[in-house]
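Participant: Dropping in coords02.pdb, with PDB, C-alpha atoms, pLDDT in the B column.
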ATOM      1  CA  MET A  11     -11.182  34.509 -63.814  1.00 47.00           C
ATOM      2  CA  PRO A  12     -10.902  30.781 -63.433  1.00 50.00           C
ATOM      3  CA  VAL A  13     -12.702  29.368 -60.472  1.00 48.00           C
ATOM      4  CA  THR A  14     -10.393  27.518 -58.147  1.00 51.00           C
ATOM      5  CA  SER A  15     -11.966  24.276 -57.173  1.00 51.00           C
ATOM      6  CA  ARG A  16     -11.825  23.348 -53.534  1.00 51.00           C
ATOM      7  CA  PRO A  17     -11.123  19.838 -52.438  1.00 51.00           C
ATOM      8  CA  PRO A  18     -14.129  18.169 -50.840  1.00 55.00           C
ATOM      9  CA  PHE A  19     -14.170  17.997 -47.091  1.00 54.00           C
ATOM     10  CA  ALA A  20     -12.367  14.933 -45.914  1.00 52.00           C
ATOM     11  CA  LYS A  21     -14.653  12.355 -44.438  1.00 60.00           C
ATOM     12  CA  PRO A  22     -13.898  11.568 -40.824  1.00 61.00           C
ATOM     13  CA  ARG A  23     -11.865   8.429 -40.477  1.00 66.00           C
ATOM     14  CA  ARG A  24     -13.843   5.489 -39.226  1.00 75.00           C
ATOM     15  CA  LEU A  25     -12.561   4.123 -35.986  1.00 66.00           C
ATOM     16  CA  SER A  26     -11.247   0.618 -35.909  1.00 78.00           C
ATOM     17  CA  ARG A  27     -12.950  -1.907 -33.661  1.00 76.00           C
ATOM     18  CA  ALA A  28     -10.109  -1.636 -31.174  1.00 78.00           C
ATOM     19  CA  GLU A  29     -10.423   2.168 -31.146  1.00 77.00           C
ATOM     20  CA  GLN A  30     -14.185   1.942 -30.702  1.00 85.00           C
ATOM     21  CA  ARG A  31     -13.739  -0.407 -27.755  1.00 87.00           C
ATOM     22  CA  GLU A  32     -11.166   1.905 -26.174  1.00 89.00           C
ATOM     23  CA  GLU A  33     -13.426   4.925 -26.676  1.00 91.00           C
ATOM     24  CA  THR A  34     -16.348   3.123 -25.063  1.00 94.00           C
ATOM     25  CA  ARG A  35     -14.158   2.000 -22.183  1.00 95.00           C
ATOM     26  CA  GLU A  36     -12.997   5.587 -21.581  1.00 95.00           C
ATOM     27  CA  GLN A  37     -16.599   6.830 -21.632  1.00 96.00           C
ATOM     28  CA  ILE A  38     -17.503   4.248 -19.007  1.00 97.00           C
ATOM     29  CA  LEU A  39     -14.519   5.245 -16.852  1.00 97.00           C
ATOM     30  CA  ASP A  40     -15.382   8.954 -17.149  1.00 96.00           C
ATOM     31  CA  ALA A  41     -19.004   8.359 -16.154  1.00 97.00           C
ATOM     32  CA  ALA A  42     -18.034   6.088 -13.264  1.00 97.00           C
ATOM     33  CA  GLU A  43     -15.447   8.573 -12.044  1.00 97.00           C
ATOM     34  CA  HIS A  44     -18.058  11.336 -11.978  1.00 96.00           C
ATOM     35  CA  LEU A  45     -20.552   9.179 -10.075  1.00 97.00           C
ATOM     36  CA  PHE A  46     -18.056   7.661  -7.631  1.00 96.00           C
ATOM     37  CA  SER A  47     -16.662  11.106  -6.808  1.00 94.00           C
ATOM     38  CA  ARG A  48     -20.112  12.229  -5.673  1.00 93.00           C
ATOM     39  CA  ARG A  49     -21.696   9.113  -4.200  1.00 93.00           C
ATOM     40  CA  GLY A  50     -18.755   6.932  -3.238  1.00 91.00           C
ATOM     41  CA  LEU A  51     -18.187   3.289  -4.057  1.00 92.00           C
ATOM     42  CA  TYR A  52     -21.306   2.020  -2.311  1.00 92.00           C
ATOM     43  CA  GLY A  53     -23.646   4.688  -3.629  1.00 94.00           C
ATOM     44  CA  VAL A  54     -23.221   3.750  -7.288  1.00 96.00           C
ATOM     45  CA  THR A  55     -24.459   0.714  -9.215  1.00 97.00           C
ATOM     46  CA  MET A  56     -23.346  -0.669 -12.547  1.00 97.00           C
ATOM     47  CA  ARG A  57     -26.786   0.282 -13.855  1.00 97.00           C
ATOM     48  CA  ASP A  58     -26.173   3.893 -12.794  1.00 97.00           C
ATOM     49  CA  VAL A  59     -22.973   3.937 -14.826  1.00 97.00           C
ATOM     50  CA  ALA A  60     -24.647   2.347 -17.838  1.00 97.00           C
ATOM     51  CA  GLU A  61     -27.445   4.904 -17.762  1.00 96.00           C
ATOM     52  CA  ALA A  62     -24.940   7.770 -17.520  1.00 96.00           C
ATOM     53  CA  VAL A  63     -23.154   6.491 -20.642  1.00 96.00           C
ATOM     54  CA  GLY A  64     -26.394   5.608 -22.446  1.00 95.00           C
ATOM     55  CA  VAL A  65     -25.663   1.917 -22.891  1.00 94.00           C
ATOM     56  CA  HIS A  66     -27.028  -1.355 -21.563  1.00 95.00           C
ATOM     57  CA  THR A  67     -25.666  -2.667 -18.285  1.00 96.00           C
ATOM     58  CA  THR A  68     -24.370  -5.779 -20.025  1.00 96.00           C
ATOM     59  CA  LEU A  69     -21.918  -3.621 -21.981  1.00 95.00           C
ATOM     60  CA  VAL A  70     -20.447  -2.224 -18.769  1.00 96.00           C
ATOM     61  CA  HIS A  71     -20.066  -5.798 -17.502  1.00 96.00           C
ATOM     62  CA  TYR A  72     -18.353  -6.716 -20.773  1.00 95.00           C
ATOM     63  CA  TYR A  73     -15.519  -4.330 -19.876  1.00 96.00           C
ATOM     64  CA  PHE A  74     -15.555  -4.733 -16.090  1.00 96.00           C
ATOM     65  CA  ASP A  75     -16.529  -7.864 -14.190  1.00 95.00           C
ATOM     66  CA  ASP A  76     -18.059  -6.040 -11.255  1.00 96.00           C
ATOM     67  CA  LYS A  77     -18.256  -2.678  -9.533  1.00 96.00           C
ATOM     68  CA  ARG A  78     -15.030  -3.143  -7.591  1.00 95.00           C
ATOM     69  CA  ALA A  79     -13.143  -3.898 -10.798  1.00 97.00           C
ATOM     70  CA  LEU A  80     -14.610  -0.750 -12.323  1.00 97.00           C
ATOM     71  CA  PHE A  81     -13.713   1.328  -9.269  1.00 96.00           C
ATOM     72  CA  ASP A  82     -10.156  -0.008  -9.290  1.00 95.00           C
ATOM     73  CA  ALA A  83      -9.786   0.839 -12.984  1.00 96.00           C
ATOM     74  CA  VAL A  84     -11.090   4.362 -12.418  1.00 97.00           C
ATOM     75  CA  PHE A  85      -8.640   4.871  -9.567  1.00 96.00           C
ATOM     76  CA  ALA A  86      -5.662   3.378 -11.391  1.00 96.00           C
ATOM     77  CA  ARG A  87      -6.129   5.371 -14.598  1.00 96.00           C
ATOM     78  CA  ARG A  88      -5.112   8.735 -13.161  1.00 96.00           C
ATOM     79  CA  ALA A  89      -3.059   7.364 -10.255  1.00 96.00           C
ATOM     80  CA  ALA A  90      -0.483   6.194 -12.786  1.00 95.00           C
ATOM     81  CA  VAL A  91      -0.234   9.712 -14.211  1.00 96.00           C
ATOM     82  CA  THR A  92       0.058  11.593 -10.930  1.00 96.00           C
ATOM     83  CA  SER A  93       2.538   9.091  -9.472  1.00 96.00           C
ATOM     84  CA  ARG A  94       4.795   9.339 -12.508  1.00 97.00           C
ATOM     85  CA  LEU A  95       4.710  13.128 -12.603  1.00 97.00           C
ATOM     86  CA  ARG A  96       5.445  13.467  -8.894  1.00 97.00           C
ATOM     87  CA  MET A  97       8.263  10.942  -9.062  1.00 98.00           C
ATOM     88  CA  ASP A  98       9.760  12.835 -12.011  1.00 98.00           C
ATOM     89  CA  ALA A  99       9.424  16.129 -10.124  1.00 98.00           C
ATOM     90  CA  LEU A 100      11.084  14.762  -6.983  1.00 98.00           C
ATOM     91  CA  GLU A 101      13.951  13.200  -8.924  1.00 98.00           C
ATOM     92  CA  ARG A 102      14.445  16.415 -10.903  1.00 98.00           C
ATOM     93  CA  TYR A 103      14.414  18.498  -7.733  1.00 98.00           C
ATOM     94  CA  GLU A 104      16.873  16.137  -6.055  1.00 97.00           C
ATOM     95  CA  ARG A 105      19.294  16.531  -8.980  1.00 97.00           C
ATOM     96  CA  GLU A 106      18.934  20.302  -9.094  1.00 97.00           C
ATOM     97  CA  ALA A 107      19.377  20.622  -5.323  1.00 97.00           C
ATOM     98  CA  ALA A 108      22.784  18.949  -5.688  1.00 95.00           C
ATOM     99  CA  GLY A 109      22.815  17.448  -2.225  1.00 94.00           C
ATOM    100  CA  LYS A 110      21.225  20.451  -0.510  1.00 96.00           C
ATOM    101  CA  PRO A 111      17.453  20.033  -0.759  1.00 98.00           C
ATOM    102  CA  THR A 112      15.137  22.032   1.470  1.00 97.00           C
ATOM    103  CA  LEU A 113      11.968  20.948   3.204  1.00 97.00           C
ATOM    104  CA  LYS A 114       9.888  23.411   1.224  1.00 98.00           C
ATOM    105  CA  GLY A 115      11.540  22.432  -2.043  1.00 98.00           C
ATOM    106  CA  ALA A 116      10.841  18.734  -1.515  1.00 98.00           C
ATOM    107  CA  LEU A 117       7.248  19.357  -0.469  1.00 98.00           C
ATOM    108  CA  SER A 118       6.693  21.710  -3.405  1.00 98.00           C
ATOM    109  CA  ALA A 119       7.896  19.052  -5.850  1.00 98.00           C
ATOM    110  CA  PHE A 120       5.509  16.541  -4.298  1.00 97.00           C
ATOM    111  CA  LEU A 121       2.453  18.746  -3.751  1.00 97.00           C
ATOM    112  CA  ASP A 122       2.579  21.360  -6.496  1.00 96.00           C
ATOM    113  CA  THR A 123       2.924  18.825  -9.283  1.00 94.00           C
ATOM    114  CA  ASP A 124      -0.254  17.137  -8.119  1.00 93.00           C
ATOM    115  CA  LEU A 125      -2.137  20.377  -7.548  1.00 96.00           C
ATOM    116  CA  ASP A 126      -1.257  21.545 -11.061  1.00 97.00           C
ATOM    117  CA  LEU A 127      -3.251  18.612 -12.430  1.00 96.00           C
ATOM    118  CA  TYR A 128      -6.335  19.748 -10.525  1.00 95.00           C
ATOM    119  CA  ILE A 129      -5.790  23.376 -11.557  1.00 96.00           C
ATOM    120  CA  ASN A 130      -5.250  22.712 -15.255  1.00 95.00           C
ATOM    121  CA  GLY A 131      -6.684  19.266 -15.899  1.00 93.00           C
ATOM    122  CA  GLY A 132     -10.379  20.080 -16.032  1.00 92.00           C
ATOM    123  CA  GLU A 133     -13.341  18.630 -14.185  1.00 92.00           C
ATOM    124  CA  GLY A 134     -12.247  15.049 -14.800  1.00 93.00           C
ATOM    125  CA  TRP A 135      -9.148  15.568 -12.668  1.00 95.00           C
ATOM    126  CA  ARG A 136     -11.187  17.355 -10.006  1.00 94.00           C
ATOM    127  CA  ASN A 137     -13.597  14.422  -9.913  1.00 94.00           C
ATOM    128  CA  TYR A 138     -10.625  12.129  -9.450  1.00 96.00           C
ATOM    129  CA  ALA A 139      -9.348  14.331  -6.618  1.00 95.00           C
ATOM    130  CA  ALA A 140     -12.634  13.950  -4.761  1.00 94.00           C
ATOM    131  CA  LEU A 141     -12.581  10.215  -5.413  1.00 94.00           C
ATOM    132  CA  VAL A 142      -9.076   9.870  -3.934  1.00 94.00           C
ATOM    133  CA  ALA A 143     -10.155  11.858  -0.879  1.00 93.00           C
ATOM    134  CA  GLN A 144     -13.080   9.489  -0.338  1.00 91.00           C
ATOM    135  CA  ALA A 145     -11.034   6.346  -0.875  1.00 90.00           C
ATOM    136  CA  SER A 146      -8.285   7.486   1.492  1.00 90.00           C
ATOM    137  CA  ASN A 147     -10.781   7.573   4.349  1.00 87.00           C
ATOM    138  CA  MET A 148     -12.211   4.089   3.763  1.00 86.00           C
ATOM    139  CA  PRO A 149     -10.432   1.718   6.200  1.00 82.00           C
ATOM    140  CA  GLU A 150     -11.311  -1.393   4.185  1.00 78.00           C
ATOM    141  CA  LEU A 151     -10.140   0.091   0.889  1.00 82.00           C
ATOM    142  CA  GLY A 152      -8.049   3.225   1.304  1.00 80.00           C
ATOM    143  CA  ALA A 153      -4.808   1.722   2.619  1.00 86.00           C
ATOM    144  CA  GLU A 154      -4.852  -0.982  -0.055  1.00 89.00           C
ATOM    145  CA  LEU A 155      -5.255   1.489  -2.910  1.00 91.00           C
ATOM    146  CA  MET A 156      -2.805   4.032  -1.507  1.00 91.00           C
ATOM    147  CA  ASP A 157      -0.176   1.340  -0.865  1.00 92.00           C
ATOM    148  CA  LYS A 158      -0.555  -0.072  -4.354  1.00 92.00           C
ATOM    149  CA  HIS A 159      -0.412   3.161  -6.305  1.00 94.00           C
ATOM    150  CA  PHE A 160       1.469   5.714  -4.222  1.00 95.00           C
ATOM    151  CA  ASP A 161       4.007   3.986  -1.941  1.00 95.00           C
ATOM    152  CA  PRO A 162       7.020   4.405  -4.278  1.00 96.00           C
ATOM    153  CA  VAL A 163       6.551   8.157  -4.667  1.00 97.00           C
ATOM    154  CA  VAL A 164       5.889   8.640  -0.942  1.00 97.00           C
ATOM    155  CA  HIS A 165       9.078   6.767  -0.062  1.00 97.00           C
ATOM    156  CA  LYS A 166      10.932   8.961  -2.548  1.00 98.00           C
ATOM    157  CA  LEU A 167       9.571  12.048  -0.794  1.00 98.00           C
ATOM    158  CA  ILE A 168      10.716  10.672   2.568  1.00 98.00           C
ATOM    159  CA  ASP A 169      14.199  10.045   1.136  1.00 98.00           C
ATOM    160  CA  VAL A 170      14.476  13.650  -0.049  1.00 98.00           C
ATOM    161  CA  LEU A 171      13.129  14.947   3.276  1.00 98.00           C
ATOM    162  CA  LYS A 172      15.811  12.933   5.074  1.00 97.00           C
ATOM    163  CA  GLN A 173      18.431  14.782   3.040  1.00 97.00           C
ATOM    164  CA  ALA A 174      16.765  18.117   3.767  1.00 97.00           C
ATOM    165  CA  ALA A 175      16.517  17.466   7.517  1.00 96.00           C
ATOM    166  CA  PRO A 176      19.244  14.957   8.461  1.00 94.00           C
ATOM    167  CA  GLY A 177      18.809  15.686  12.185  1.00 91.00           C
ATOM    168  CA  HIS A 178      15.138  14.729  12.257  1.00 95.00           C
ATOM    169  CA  ARG A 179      13.924  11.429  13.595  1.00 95.00           C
ATOM    170  CA  GLU A 180      12.645   9.144  10.847  1.00 95.00           C
ATOM    171  CA  GLU A 181       9.337   8.670  12.634  1.00 96.00           C
ATOM    172  CA  ASP A 182       8.831  12.444  12.680  1.00 97.00           C
ATOM    173  CA  LEU A 183       9.199  12.532   8.909  1.00 97.00           C
ATOM    174  CA  TYR A 184       6.536   9.859   8.546  1.00 97.00           C
ATOM    175  CA  TRP A 185       4.242  11.674  10.965  1.00 97.00           C
ATOM    176  CA  GLY A 186       4.873  14.840   8.999  1.00 97.00           C
ATOM    177  CA  TYR A 187       3.855  13.098   5.805  1.00 97.00           C
ATOM    178  CA  HIS A 188       0.759  11.779   7.589  1.00 96.00           C
ATOM    179  CA  PHE A 189      -0.257  15.337   8.479  1.00 97.00           C
ATOM    180  CA  VAL A 190       0.511  16.578   4.954  1.00 97.00           C
ATOM    181  CA  THR A 191      -1.584  13.923   3.263  1.00 94.00           C
ATOM    182  CA  GLY A 192      -4.436  14.518   5.711  1.00 94.00           C
ATOM    183  CA  ALA A 193      -4.549  18.189   4.804  1.00 96.00           C
ATOM    184  CA  LEU A 194      -4.238  17.346   1.123  1.00 96.00           C
ATOM    185  CA  MET A 195      -7.127  14.876   1.230  1.00 94.00           C
ATOM    186  CA  LEU A 196      -9.381  17.396   2.957  1.00 94.00           C
ATOM    187  CA  THR A 197      -8.459  19.899   0.258  1.00 95.00           C
ATOM    188  CA  LEU A 198      -9.172  17.450  -2.554  1.00 95.00           C
ATOM    189  CA  ALA A 199     -12.586  16.621  -1.082  1.00 93.00           C
ATOM    190  CA  ARG A 200     -13.808  20.178  -1.760  1.00 93.00           C
ATOM    191  CA  THR A 201     -16.388  19.995   1.004  1.00 92.00           C
ATOM    192  CA  GLY A 202     -17.125  23.722   0.971  1.00 94.00           C
ATOM    193  CA  ARG A 203     -16.429  23.979   4.699  1.00 95.00           C
ATOM    194  CA  ILE A 204     -13.791  26.707   4.351  1.00 96.00           C
ATOM    195  CA  ASP A 205     -16.124  28.652   2.051  1.00 97.00           C
ATOM    196  CA  ARG A 206     -18.711  28.957   4.787  1.00 97.00           C
ATOM    197  CA  LEU A 207     -16.232  29.482   7.609  1.00 97.00           C
ATOM    198  CA  SER A 208     -14.537  32.333   5.773  1.00 98.00           C
ATOM    199  CA  ASP A 209     -17.816  33.778   4.504  1.00 97.00           C
ATOM    200  CA  GLY A 210     -16.583  33.326   0.927  1.00 96.00           C
ATOM    201  CA  LEU A 211     -13.104  34.744   1.501  1.00 97.00           C
ATOM    202  CA  CYS A 212     -11.630  31.309   0.712  1.00 97.00           C
ATOM    203  CA  ARG A 213     -12.977  28.690  -1.701  1.00 97.00           C
ATOM    204  CA  SER A 214     -12.476  24.971  -1.347  1.00 95.00           C
ATOM    205  CA  ASP A 215     -12.074  24.627  -5.111  1.00 93.00           C
ATOM    206  CA  ASP A 216      -9.310  27.244  -5.306  1.00 96.00           C
ATOM    207  CA  PHE A 217      -6.409  24.857  -5.821  1.00 96.00           C
ATOM    208  CA  ALA A 218      -4.173  27.723  -6.935  1.00 97.00           C
ATOM    209  CA  ALA A 219      -4.551  29.337  -3.500  1.00 97.00           C
ATOM    210  CA  VAL A 220      -3.732  26.001  -1.878  1.00 97.00           C
ATOM    211  CA  LYS A 221      -0.644  25.592  -4.069  1.00 97.00           C
ATOM    212  CA  ALA A 222       0.591  29.042  -3.077  1.00 97.00           C
ATOM    213  CA  ARG A 223       0.428  28.160   0.627  1.00 97.00           C
ATOM    214  CA  MET A 224       0.545  24.457   1.416  1.00 97.00           C
ATOM    215  CA  ALA A 225       4.193  23.523   0.827  1.00 97.00           C
ATOM    216  CA  GLY A 226       5.498  26.511   2.800  1.00 97.00           C
ATOM    217  CA  PHE A 227       3.060  25.922   5.643  1.00 97.00           C
ATOM    218  CA  MET A 228       3.886  22.227   5.867  1.00 97.00           C
ATOM    219  CA  ALA A 229       7.628  22.893   5.669  1.00 97.00           C
ATOM    220  CA  GLN A 230       7.331  24.956   8.853  1.00 96.00           C
ATOM    221  CA  GLY A 231       5.604  22.018  10.509  1.00 95.00           C
ATOM    222  CA  PHE A 232       8.457  19.682   9.592  1.00 96.00           C
ATOM    223  CA  ALA A 233      10.976  22.269  10.775  1.00 94.00           C
ATOM    224  CA  SER A 234       9.297  22.363  14.187  1.00 94.00           C
ATOM    225  CA  PHE A 235      10.362  18.786  14.932  1.00 91.00           C
ATOM    226  CA  SER A 236      13.314  18.675  17.277  1.00 70.00           C
ATOM    227  CA  ASP A 237      15.712  15.984  18.443  1.00 53.00           C
ATOM    228  CA  ASP A 238      15.015  17.150  21.985  1.00 50.00           C
ATOM    229  CA  GLU A 239      11.291  16.383  21.832  1.00 51.00           C
ATOM    230  CA  PRO A 240       9.597  12.957  21.914  1.00 46.00           C
TER     231      PRO A 240
END
Could you write out this structure as structure tokens?
Facilitator:
Amino acid sequence: MPVTSRPPFAKPRRLSRAEQREETREQILDAAEHLFSRRGLYGVTMRDVAEAVGVHTTLVHYYFDDKRALFDAVFARRAAVTSRLRMDALERYEREAAGKPTLKGALSAFLDTDLDLYINGGEGWRNYAALVAQASNMPELGAELMDKHFDPVVHKLIDVLKQAAPGHREEDLYWGYHFVTGALMLTLARTGRIDRLSDGLCRSDDFAAVKARMAGFMAQGFASFSDDEP
């Protein structure tokens, strides 16, 4: 029988210079994200990041002028993704609700879309979650970053909540969001506190359990606001 010749294995395509630079930049961002999520902005140096990637510090400075520029780039990379997905989810829910949105439906569109990233996105997304939780509690940095990256989607949520609860005071809706984001940030921090309190019954990294409960719980909080109360 004739022997069928097999084509030689294809050699891997060499990356272009631009692709190599982008790959290196992503490696730096991944390493910085991991370190920042554990030590915070002030507990990490550019040298720490360089050592984690296995490159010289000058290469990190080639891509990022200083540590703040690196931190901002780490934050912005995934913020753009989560903001877009949540905005899409809120707009889709608003269309499907056809003028009759519910508090739980609006909160689910806002919260569940984000939680899905932490459930399915791997450790990189979980590192980012912890980083956001840290940044949100830094007075000199948190408001600036949150305003820059998340204000449009938060205002969209408030608009949908206004439709869902037309009798609520506007300030109550903002306070409600304040309470929602506080609970979300504590969840994203994964401190392990609930693990110990519940003797292992609940786990701080169980984002699926959070998703199953948070929107409904928070919707009841919004519903408790009354025109008759200050």
Participant: Using only C-alpha atoms, which residue out of A:Thr67, A:Gln144, A:Thr197, A:Gln30 lies closest to Phe46 of chain A?
Facilitator: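 Closest residue, counting only C-alpha atoms: A:Gln144.
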Participant: Enter the distance from atom CA of Tyr184 of chain A to atom CA of Gly109 of chain A, in Å, rounded to one decimal.
Facilitator: 20.9 Å
Participant: One decimal, Å: what's the distance from atom CA of Ala107 of chain A over to atom CA of Asp169 of chain A, could you say?
Facilitator: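 That distance, rounded to one decimal, is 13.4 Å.
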Participant: Which residue out of A:Asp82, A:Asp58, A:Asp124, A:Glu180 has the minimum interatomic distance to Arg94 of chain A when all atoms listed in the file are used?
Facilitator: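 The shortest atom-to-atom distance to Arg94 of chain A comes from A:Asp124.
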Participant: Would you mind reading off the distance between atom CA of Leu113 of chain A and atom CA of Val190 of chain A, one decimal, in Å?
Facilitator: 12.4 Å
Participant: Taking the file as I've supplied it (selection: the PyMOL selection byres ((chain A and resi 202) around 8)), which residues are included? Please answer as a ChimeraX atom specification.
Facilitator: /A:200-201,203-206,213-215
Participant: Determine the nearest neighbour of Met195 of chain A from the options A:Gly152, A:Gly50, A:Pro111, A:Pro162, counting only C-alpha atoms.
Facilitator: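 With only C-alpha atoms as the atom set, the closest residue is A:Gly152.
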Participant: Select, from A:Val142, A:Ala83, A:Val170, A:Met156, the residue with the minimum atom-to-atom distance to Thr112 of chain A, counting all atoms listed in the file.
Facilitator: A:Val170
Participant: Going by the chain IDs and residue numbers used in this file, which residues fall under the PyMOL selection byres ((chain A and resi 128) around 10)? Write them as number ranges by chain.
Facilitator: A: 122-127, 129-139, 198, 215-218
Participant: Convert the current residue selection to file output with C-alpha atoms, as an mmCIF file, keeping the file's coordinate frame.
Facilitator:
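Written output follows (result-v9.cif):
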data_model
loop_
_atom_site.group_PDB
_atom_site.id
_atom_site.type_symbol
_atom_site.label_atom_id
_atom_site.label_comp_id
_atom_site.auth_asym_id
_atom_site.auth_seq_id
_atom_site.Cartn_x
_atom_site.Cartn_y
_atom_site.Cartn_z
ATOM 1 C CA ASP A 122 2.579 21.360 -6.496
ATOM 2 C CA THR A 123 2.924 18.825 -9.283
ATOM 3 C CA ASP A 124 -0.254 17.137 -8.119
ATOM 4 C CA LEU A 125 -2.137 20.377 -7.548
ATOM 5 C CA ASP A 126 -1.257 21.545 -11.061
ATOM 6 C CA LEU A 127 -3.251 18.612 -12.430
ATOM 7 C CA ILE A 129 -5.790 23.376 -11.557
ATOM 8 C CA ASN A 130 -5.250 22.712 -15.255
ATOM 9 C CA GLY A 131 -6.684 19.266 -15.899
ATOM 10 C CA GLY A 132 -10.379 20.080 -16.032
ATOM 11 C CA GLU A 133 -13.341 18.630 -14.185
ATOM 12 C CA GLY A 134 -12.247 15.049 -14.800
ATOM 13 C CA TRP A 135 -9.148 15.568 -12.668
ATOM 14 C CA ARG A 136 -11.187 17.355 -10.006
ATOM 15 C CA ASN A 137 -13.597 14.422 -9.913
ATOM 16 C CA TYR A 138 -10.625 12.129 -9.450
ATOM 17 C CA ALA A 139 -9.348 14.331 -6.618
ATOM 18 C CA LEU A 198 -9.172 17.450 -2.554
ATOM 19 C CA ASP A 215 -12.074 24.627 -5.111
ATOM 20 C CA ASP A 216 -9.310 27.244 -5.306
ATOM 21 C CA PHE A 217 -6.409 24.857 -5.821
ATOM 22 C CA ALA A 218 -4.173 27.723 -6.935
#
